[in-house]
$ cat my_file.tsv   # TSV, C-alpha atoms
chain	number	residue	atom	x	y	z
K	226	SER	CA	11.55	1.24	-6.33
K	227	LEU	CA	14.39	2.62	-8.38
K	228	LYS	CA	18.07	3.18	-7.75
K	229	LEU	CA	18.17	6.59	-9.47
K	230	ASP	CA	15.87	9.60	-9.26
K	231	LEU	CA	12.94	9.70	-11.67
K	232	PRO	CA	12.76	12.51	-14.21
K	233	THR	CA	10.55	15.35	-12.98
K	234	ALA	CA	10.23	17.45	-16.12
K	235	ARG	CA	6.71	18.82	-16.45
K	236	GLU	CA	6.12	17.43	-19.95
K	237	THR	CA	7.41	13.97	-19.05
K	238	VAL	CA	5.09	13.59	-16.06
K	239	LEU	CA	2.06	15.11	-17.77
K	240	ASP	CA	2.55	13.02	-20.91
K	241	MET	CA	2.69	9.81	-18.87
K	242	PHE	CA	-0.31	10.79	-16.73
K	243	ASP	CA	-2.26	11.69	-19.87
K	244	ARG	CA	-1.44	8.30	-21.40
K	245	VAL	CA	-2.70	6.53	-18.26
K	246	ARG	CA	-5.80	8.74	-18.16
K	247	ARG	CA	-6.72	7.77	-21.74
K	248	GLU	CA	-6.95	4.12	-20.70
K	249	GLN	CA	-8.26	4.82	-17.18
K	250	PRO	CA	-10.63	7.79	-17.80
K	251	ARG	CA	-11.78	7.98	-14.16
K	252	MET	CA	-8.23	8.89	-13.14
K	253	GLU	CA	-8.57	12.57	-13.90
K	254	ARG	CA	-7.39	14.43	-10.79
K	255	PHE	CA	-3.77	15.60	-10.76
K	256	ARG	CA	-2.37	16.39	-7.30
K	257	ARG	CA	0.94	17.44	-5.82
K	258	TYR	CA	1.98	16.14	-2.42
K	259	ASP	CA	5.12	16.97	-0.41
K	260	ASP	CA	7.31	14.42	-2.13
K	261	GLU	CA	5.28	13.05	-5.02
K	262	LEU	CA	2.97	13.80	-7.92
K	263	ALA	CA	-0.24	11.81	-8.22
K	264	LEU	CA	-3.00	11.01	-10.67
K	265	GLU	CA	-6.15	9.89	-8.86
K	266	SER	CA	-9.72	8.86	-9.49
K	267	PRO	CA	-12.55	10.21	-7.35
K	268	GLU	CA	-13.73	7.95	-4.55
K	269	GLU	CA	-17.09	6.38	-5.33
K	270	ALA	CA	-18.69	3.77	-3.08
K	271	GLY	CA	-15.34	3.15	-1.38
K	272	ARG	CA	-13.56	2.54	-4.71
K	273	TYR	CA	-10.67	4.58	-6.06
K	274	ALA	CA	-7.36	4.22	-7.86
K	275	TRP	CA	-4.13	6.21	-7.99
K	276	LEU	CA	-0.73	6.49	-9.58
K	277	ALA	CA	2.05	8.34	-7.73
K	278	LEU	CA	5.55	9.30	-8.81
K	279	GLY	CA	8.02	9.88	-6.00
K	280	ARG	CA	11.72	10.65	-6.18
K	281	THR	CA	12.77	6.99	-6.56
K	282	ALA	CA	9.48	5.09	-6.64
K	283	ILE	CA	6.40	4.58	-8.75
K	284	ARG	CA	3.35	3.49	-6.78
K	285	SER	CA	-0.12	2.59	-7.93
K	286	GLY	CA	-3.13	1.31	-6.11
K	287	SER	CA	-6.68	0.20	-6.53
K	288	VAL	CA	-8.95	0.17	-3.49
K	289	ASN	CA	-11.99	-2.12	-3.49
K	290	PRO	CA	-12.03	-2.79	-7.25
K	291	GLU	CA	-15.23	-4.37	-8.52
K	292	VAL	CA	-13.10	-7.16	-10.03
K	293	LEU	CA	-9.40	-7.84	-9.52
K	294	ASP	CA	-8.81	-7.59	-13.27
K	295	ASP	CA	-9.51	-3.84	-12.97
K	296	ALA	CA	-6.64	-3.46	-10.50
K	297	TYR	CA	-4.34	-5.75	-12.48
K	298	GLY	CA	-5.12	-3.76	-15.64
K	299	LEU	CA	-4.04	-0.49	-14.02
K	300	HIS	CA	-0.79	-1.97	-12.70
K	301	ARG	CA	-0.06	-3.74	-16.00
K	302	LEU	CA	-0.56	-0.45	-17.87
K	303	ILE	CA	1.85	1.37	-15.56
K	304	LEU	CA	4.47	-1.38	-15.90
K	305	GLU	CA	4.15	-1.03	-19.69
K	306	VAL	CA	4.25	2.78	-20.03
K	307	ALA	CA	6.55	3.85	-17.17
K	308	PRO	CA	9.80	2.55	-18.74
K	309	TYR	CA	8.99	4.38	-21.98
K	310	PHE	CA	7.96	7.74	-20.48
K	311	LEU	CA	10.41	7.78	-17.56
K	312	SER	CA	13.45	6.17	-19.23
K	313	ILE	CA	13.59	3.28	-16.78
K	314	SER	CA	15.79	0.33	-17.64
K	315	PRO	CA	15.97	-3.02	-15.84
K	316	LEU	CA	19.37	-1.95	-14.45
K	317	ASP	CA	17.70	0.94	-12.63
K	318	MET	CA	15.11	-1.17	-10.82
K	319	ASP	CA	15.77	-1.94	-7.16
K	320	CYS	CA	12.66	-3.97	-6.35
K	321	LEU	CA	9.09	-4.59	-7.38
K	322	GLU	CA	6.34	-4.99	-4.78
K	323	LEU	CA	2.78	-6.23	-4.86
K	324	MET	CA	0.62	-5.56	-1.82
K	325	TYR	CA	-2.82	-6.83	-0.89
K	326	GLY	CA	-4.68	-5.29	2.03
K	327	VAL	CA	-7.90	-5.96	3.85
K	328	ASP	CA	-9.62	-3.99	6.61
K	329	LEU	CA	-11.48	-5.76	9.42
K	330	GLU	CA	-13.94	-3.87	11.62
K	331	ALA	CA	-13.69	-4.17	15.40
K	332	ASP	CA	-15.73	-2.46	18.12
K	333	ARG	CA	-13.28	-2.90	21.01
K	334	ASN	CA	-9.55	-2.53	21.70
K	335	ARG	CA	-8.13	-3.61	18.34
K	336	ASN	CA	-4.83	-4.60	20.00
K	337	GLU	CA	-6.71	-7.11	22.16
K	338	VAL	CA	-8.52	-8.50	19.10
K	339	VAL	CA	-5.19	-9.17	17.35
K	340	PHE	CA	-3.60	-10.59	20.50
K	341	ASP	CA	-6.52	-12.95	21.11
K	342	ALA	CA	-6.60	-14.07	17.48
K	343	LEU	CA	-2.87	-14.63	16.96
K	344	LEU	CA	-1.03	-14.87	20.26
K	345	ALA	CA	-3.40	-16.04	23.01
K	346	GLY	CA	-2.40	-19.70	22.64
K	347	SER	CA	1.31	-18.97	22.39
K	348	PRO	CA	4.09	-18.66	24.99
K	349	LEU	CA	3.81	-14.88	24.58
K	350	ARG	CA	0.48	-15.11	26.42
K	351	ASP	CA	2.42	-15.47	29.69
K	352	LEU	CA	3.85	-11.96	29.23
K	353	VAL	CA	0.39	-10.54	29.79
K	354	ALA	CA	-0.29	-11.42	33.40
K	355	GLY	CA	-3.75	-10.06	34.00
K	356	ASP	CA	-6.16	-7.39	32.95
K	357	GLU	CA	-3.61	-4.82	31.77
K	358	PRO	CA	-4.85	-3.15	28.61
K	359	LEU	CA	-2.75	-3.88	25.54
K	360	VAL	CA	-1.45	-0.65	24.01
K	361	ASP	CA	0.39	-2.04	20.97
K	362	VAL	CA	0.03	-5.40	19.23
K	363	GLN	CA	0.98	-4.97	15.57
K	364	PRO	CA	2.86	-8.02	14.31
K	365	PHE	CA	5.16	-7.67	11.29
K	366	ILE	CA	6.65	-10.86	9.88
K	367	GLY	CA	9.01	-11.19	6.92
K	368	LEU	CA	9.88	-14.44	5.13
K	369	ALA	CA	12.35	-15.32	2.38
K	370	LEU	CA	10.55	-17.12	-0.45
K	371	GLU	CA	13.79	-17.98	-2.28
K	372	PRO	CA	17.05	-19.32	-0.77
K	373	ASP	CA	18.93	-16.21	-1.99
K	374	CYS	CA	16.27	-13.89	-0.44
K	375	SER	CA	15.55	-12.35	-3.86
K	376	ARG	CA	11.82	-12.78	-3.26
K	377	GLN	CA	10.30	-12.03	0.12
K	378	ALA	CA	6.86	-11.92	1.72
K	379	PHE	CA	5.78	-9.64	4.55
K	380	VAL	CA	2.64	-9.80	6.66
K	381	GLU	CA	1.84	-6.65	8.64
K	382	ILE	CA	-1.08	-5.95	10.94
K	383	LYS	CA	-1.97	-2.36	11.84
K	384	THR	CA	-4.41	-1.86	14.72
K	385	ARG	CA	-4.57	1.96	14.84
K	386	THR	CA	-5.65	1.91	18.49
K	387	ARG	CA	-4.73	5.20	20.17
K	388	THR	CA	-3.85	5.57	23.84
K	389	PRO	CA	-6.78	7.94	24.58
K	390	GLU	CA	-9.17	5.26	23.32
K	391	ILE	CA	-7.69	2.72	25.72
K	392	ALA	CA	-7.79	5.16	28.64
K	393	SER	CA	-11.44	6.10	28.03
K	394	GLY	CA	-12.67	2.65	26.98
K	395	ARG	CA	-14.39	4.24	23.96
K	396	PHE	CA	-13.01	2.97	20.68
K	397	ASP	CA	-13.28	4.75	17.34
K	398	HIS	CA	-14.56	2.93	14.29
K	399	GLU	CA	-11.12	2.29	12.84
K	400	PRO	CA	-10.35	-1.01	11.14
K	401	ILE	CA	-7.65	-3.56	11.77
K	402	SER	CA	-5.66	-3.60	8.53
K	403	VAL	CA	-3.88	-6.71	7.34
K	404	TYR	CA	-1.30	-6.30	4.56
K	405	LEU	CA	0.49	-8.95	2.53
K	406	THR	CA	3.43	-7.61	0.53
K	407	ILE	CA	5.49	-9.64	-1.92
K	408	ARG	CA	8.83	-8.01	-2.82
K	409	SER	CA	11.07	-9.16	-5.64
K	410	HIS	CA	14.64	-7.91	-6.05
K	411	GLY	CA	16.42	-7.92	-9.43
K	412	PRO	CA	17.87	-8.65	-11.78
K	413	PHE	CA	14.79	-7.86	-13.84
$ encode --input "my_file.tsv" --output "structure tokens"
Amino acid sequence: SLKLDLPTARETVLDMFDRVRREQPRMERFRRYDDELALESPEEAGRYAWLALGRTAIRSGSVNPEVLDDAYGLHRLILEVAPYFLSISPLDMDCLELMYGVDLEADRNRNEVVFDALLAGSPLRDLVAGDEPLVDVQPFIGLALEPDCSRQAFVEIKTRTRTPEIASGRFDHEPISVYLTIRSHGPF
């Protein structure tokens, strides 16, 4: 995340995307979204990668890489080329984040799965008196990893259970997603 807006000149963005594409040849699809420009690879066997430029953020991701070094290589490349192509200095950087995510399949109310796994043995259990269906159990916890809070960790659980699923008792094949995000604030 940056403190100032990124440059949006056509040549600047295309030159950077082309540089990334030369080292990551599968990333060949250029797309425009509402508030960002993206370079993406096609999805193959549940694997894909992307680079996105927003107004004040650069994001990149690698989903289900064959080896973690593939994902690290993409992110390392972006950290190397973005300052050059986008005129980013350490003074402009607000924070740097690294996120890991995992999806867990569940065939019942995903809120109940999370509650049973994380909260059933806690004092919060007493809040749920009986057989009431749980409509939202999505814990989000943030921790300071440094005394000055310059480095933080966040654990977030997304259940994606919709009210119509609970009412009907038929649950879609959506995963429970668990995200770990490490955020570091400057100076860089």
$ atom_distance --input "my_file.tsv" --atom1 "atom CA of Val362 of chain K" --atom2 "atom CA of Arg350 of chain K"
12.1 Å
$ closest_residue --input "my_file.tsv" --among "K:Leu276, K:Leu311, K:Leu227, K:Leu349" --to "Asp240 of chain K" --atoms "only C-alpha atoms"
K:Leu311
$ closest_residue --input "my_file.tsv" --among "K:Pro315, K:Ile366, K:Cys320, K:Leu299" --to "Phe413 of chain K" --atoms "all atoms listed in the file"
K:Pro315
$ atom_distance --input "my_file.tsv" --atom1 "atom CA of Pro358 of chain K" --atom2 "atom CA of His398 of chain K"
18.3 Å
$ atom_distance --input "my_file.tsv" --atom1 "atom CA of Gly326 of chain K" --atom2 "atom CA of Ala274 of chain K"
14.0 Å
$ residues_around --input "my_file.tsv" --residues "Ser312 of chain K" --least-positions-apart "5" --cutoff "9 Å" --atoms "all atoms listed in the file" --output "JSON, numbers by chain"
{"K": [231, 232, 307]}
$ residues_around --input "my_file.tsv" --residues "Glu322 of chain K" --least-positions-apart "6" --cutoff "9 Å" --atoms "all atoms listed in the file" --output "PDB file with C-alpha atoms, in the coordinates of the input"
ATOM      1  CA  SER K 226      11.550   1.240  -6.330  1.00  0.00           C
ATOM      2  CA  THR K 406       3.430  -7.610   0.530  1.00  0.00           C
ATOM      3  CA  ILE K 407       5.490  -9.640  -1.920  1.00  0.00           C
ATOM      4  CA  ARG K 408       8.830  -8.010  -2.820  1.00  0.00           C
ATOM      5  CA  SER K 409      11.070  -9.160  -5.640  1.00  0.00           C
ATOM      6  CA  HIS K 410      14.640  -7.910  -6.050  1.00  0.00           C
TER       7      HIS K 410
END
$ closest_residue --input "my_file.tsv" --among "K:Gln363, K:Ser375, K:Ser266, K:Thr233" --to "Arg246 of chain K" --atoms "only C-alpha atoms"
K:Ser266
$ residues_around --input "my_file.tsv" --residues "Ala282 of chain K" --least-positions-apart "2" --cutoff "9 Å" --atoms "only C-alpha atoms" --output "JSON, numbers by chain"
{"K": [226, 227, 228, 230, 231, 277, 278, 279, 280, 284]}
$ closest_residue --input "my_file.tsv" --among "K:Asp295, K:Asp332, K:Glu265, K:Asp317" --to "Glu390 of chain K" --atoms "only C-alpha atoms"
K:Asp332
$ residues_around --input "my_file.tsv" --residues "Glu268 of chain K" --least-positions-apart "3" --cutoff "12 Å" --atoms "all atoms listed in the file" --output "number ranges by chain"
K: 251-254, 265, 271-275, 287-290
$ closest_residue --input "my_file.tsv" --among "K:Leu359, K:Ala392, K:Val353, K:Val327" --to "Val380 of chain K" --atoms "all atoms listed in the file"
K:Val327
$ axis_aligned_box --input "my_file.tsv" --around "segment 398-408 of chain K" --padding-each-side "3 Å" --output "AutoDock Vina command-line options"
--center_x -2.9 --center_y -3.4 --center_z 5.7 --size_x 29.4 --size_y 18.6 --size_z 23.1
$ closest_residue --input "my_file.tsv" --among "K:Tyr258, K:Asp294, K:Ala345, K:Leu405" --to "Gln377 of chain K" --atoms "only C-alpha atoms"
K:Leu405
$ build_atoms --input "my_file.tsv" --residues "segment 265-276 of chain K" --atoms "N, CA, C and O atoms" --output "PDB file, in the coordinates of the input"
ATOM      1  N   GLU K 265      -5.186  10.624  -9.687  1.00  0.00           N
ATOM      2  CA  GLU K 265      -6.150   9.890  -8.860  1.00  0.00           C
ATOM      3  C   GLU K 265      -7.525   9.891  -9.499  1.00  0.00           C
ATOM      4  O   GLU K 265      -7.886  10.795 -10.242  1.00  0.00           O
ATOM      5  N   SER K 266      -8.303   8.888  -9.131  1.00  0.00           N
ATOM      6  CA  SER K 266      -9.720   8.860  -9.490  1.00  0.00           C
ATOM      7  C   SER K 266     -10.506   9.371  -8.294  1.00  0.00           C
ATOM      8  O   SER K 266     -10.017   9.322  -7.160  1.00  0.00           O
ATOM      9  N   PRO K 267     -11.724   9.850  -8.511  1.00  0.00           N
ATOM     10  CA  PRO K 267     -12.550  10.210  -7.350  1.00  0.00           C
ATOM     11  C   PRO K 267     -12.983   8.942  -6.611  1.00  0.00           C
ATOM     12  O   PRO K 267     -13.058   7.862  -7.206  1.00  0.00           O
ATOM     13  N   GLU K 268     -13.245   9.086  -5.326  1.00  0.00           N
ATOM     14  CA  GLU K 268     -13.730   7.950  -4.550  1.00  0.00           C
ATOM     15  C   GLU K 268     -15.237   7.834  -4.749  1.00  0.00           C
ATOM     16  O   GLU K 268     -15.980   8.791  -4.558  1.00  0.00           O
ATOM     17  N   GLU K 269     -15.667   6.665  -5.147  1.00  0.00           N
ATOM     18  CA  GLU K 269     -17.090   6.380  -5.330  1.00  0.00           C
ATOM     19  C   GLU K 269     -17.394   5.029  -4.720  1.00  0.00           C
ATOM     20  O   GLU K 269     -16.803   4.025  -5.116  1.00  0.00           O
ATOM     21  N   ALA K 270     -18.284   5.005  -3.758  1.00  0.00           N
ATOM     22  CA  ALA K 270     -18.690   3.770  -3.080  1.00  0.00           C
ATOM     23  C   ALA K 270     -17.478   3.023  -2.523  1.00  0.00           C
ATOM     24  O   ALA K 270     -17.407   1.800  -2.609  1.00  0.00           O
ATOM     25  N   GLY K 271     -16.513   3.769  -1.978  1.00  0.00           N
ATOM     26  CA  GLY K 271     -15.340   3.150  -1.380  1.00  0.00           C
ATOM     27  C   GLY K 271     -14.317   2.647  -2.377  1.00  0.00           C
ATOM     28  O   GLY K 271     -13.372   1.971  -2.009  1.00  0.00           O
ATOM     29  N   ARG K 272     -14.493   2.987  -3.668  1.00  0.00           N
ATOM     30  CA  ARG K 272     -13.560   2.540  -4.710  1.00  0.00           C
ATOM     31  C   ARG K 272     -12.783   3.740  -5.242  1.00  0.00           C
ATOM     32  O   ARG K 272     -13.365   4.781  -5.531  1.00  0.00           O
ATOM     33  N   TYR K 273     -11.489   3.566  -5.402  1.00  0.00           N
ATOM     34  CA  TYR K 273     -10.670   4.580  -6.060  1.00  0.00           C
ATOM     35  C   TYR K 273      -9.348   3.968  -6.483  1.00  0.00           C
ATOM     36  O   TYR K 273      -8.985   2.870  -6.060  1.00  0.00           O
ATOM     37  N   ALA K 274      -8.650   4.692  -7.356  1.00  0.00           N
ATOM     38  CA  ALA K 274      -7.360   4.220  -7.860  1.00  0.00           C
ATOM     39  C   ALA K 274      -6.415   5.416  -7.918  1.00  0.00           C
ATOM     40  O   ALA K 274      -6.856   6.565  -7.971  1.00  0.00           O
ATOM     41  N   TRP K 275      -5.107   5.122  -7.904  1.00  0.00           N
ATOM     42  CA  TRP K 275      -4.130   6.210  -7.990  1.00  0.00           C
ATOM     43  C   TRP K 275      -2.837   5.715  -8.609  1.00  0.00           C
ATOM     44  O   TRP K 275      -2.539   4.519  -8.638  1.00  0.00           O
ATOM     45  N   LEU K 276      -2.086   6.682  -9.097  1.00  0.00           N
ATOM     46  CA  LEU K 276      -0.730   6.490  -9.580  1.00  0.00           C
ATOM     47  C   LEU K 276       0.090   7.618  -8.977  1.00  0.00           C
ATOM     48  O   LEU K 276      -0.324   8.779  -9.037  1.00  0.00           O
TER      49      LEU K 276
END
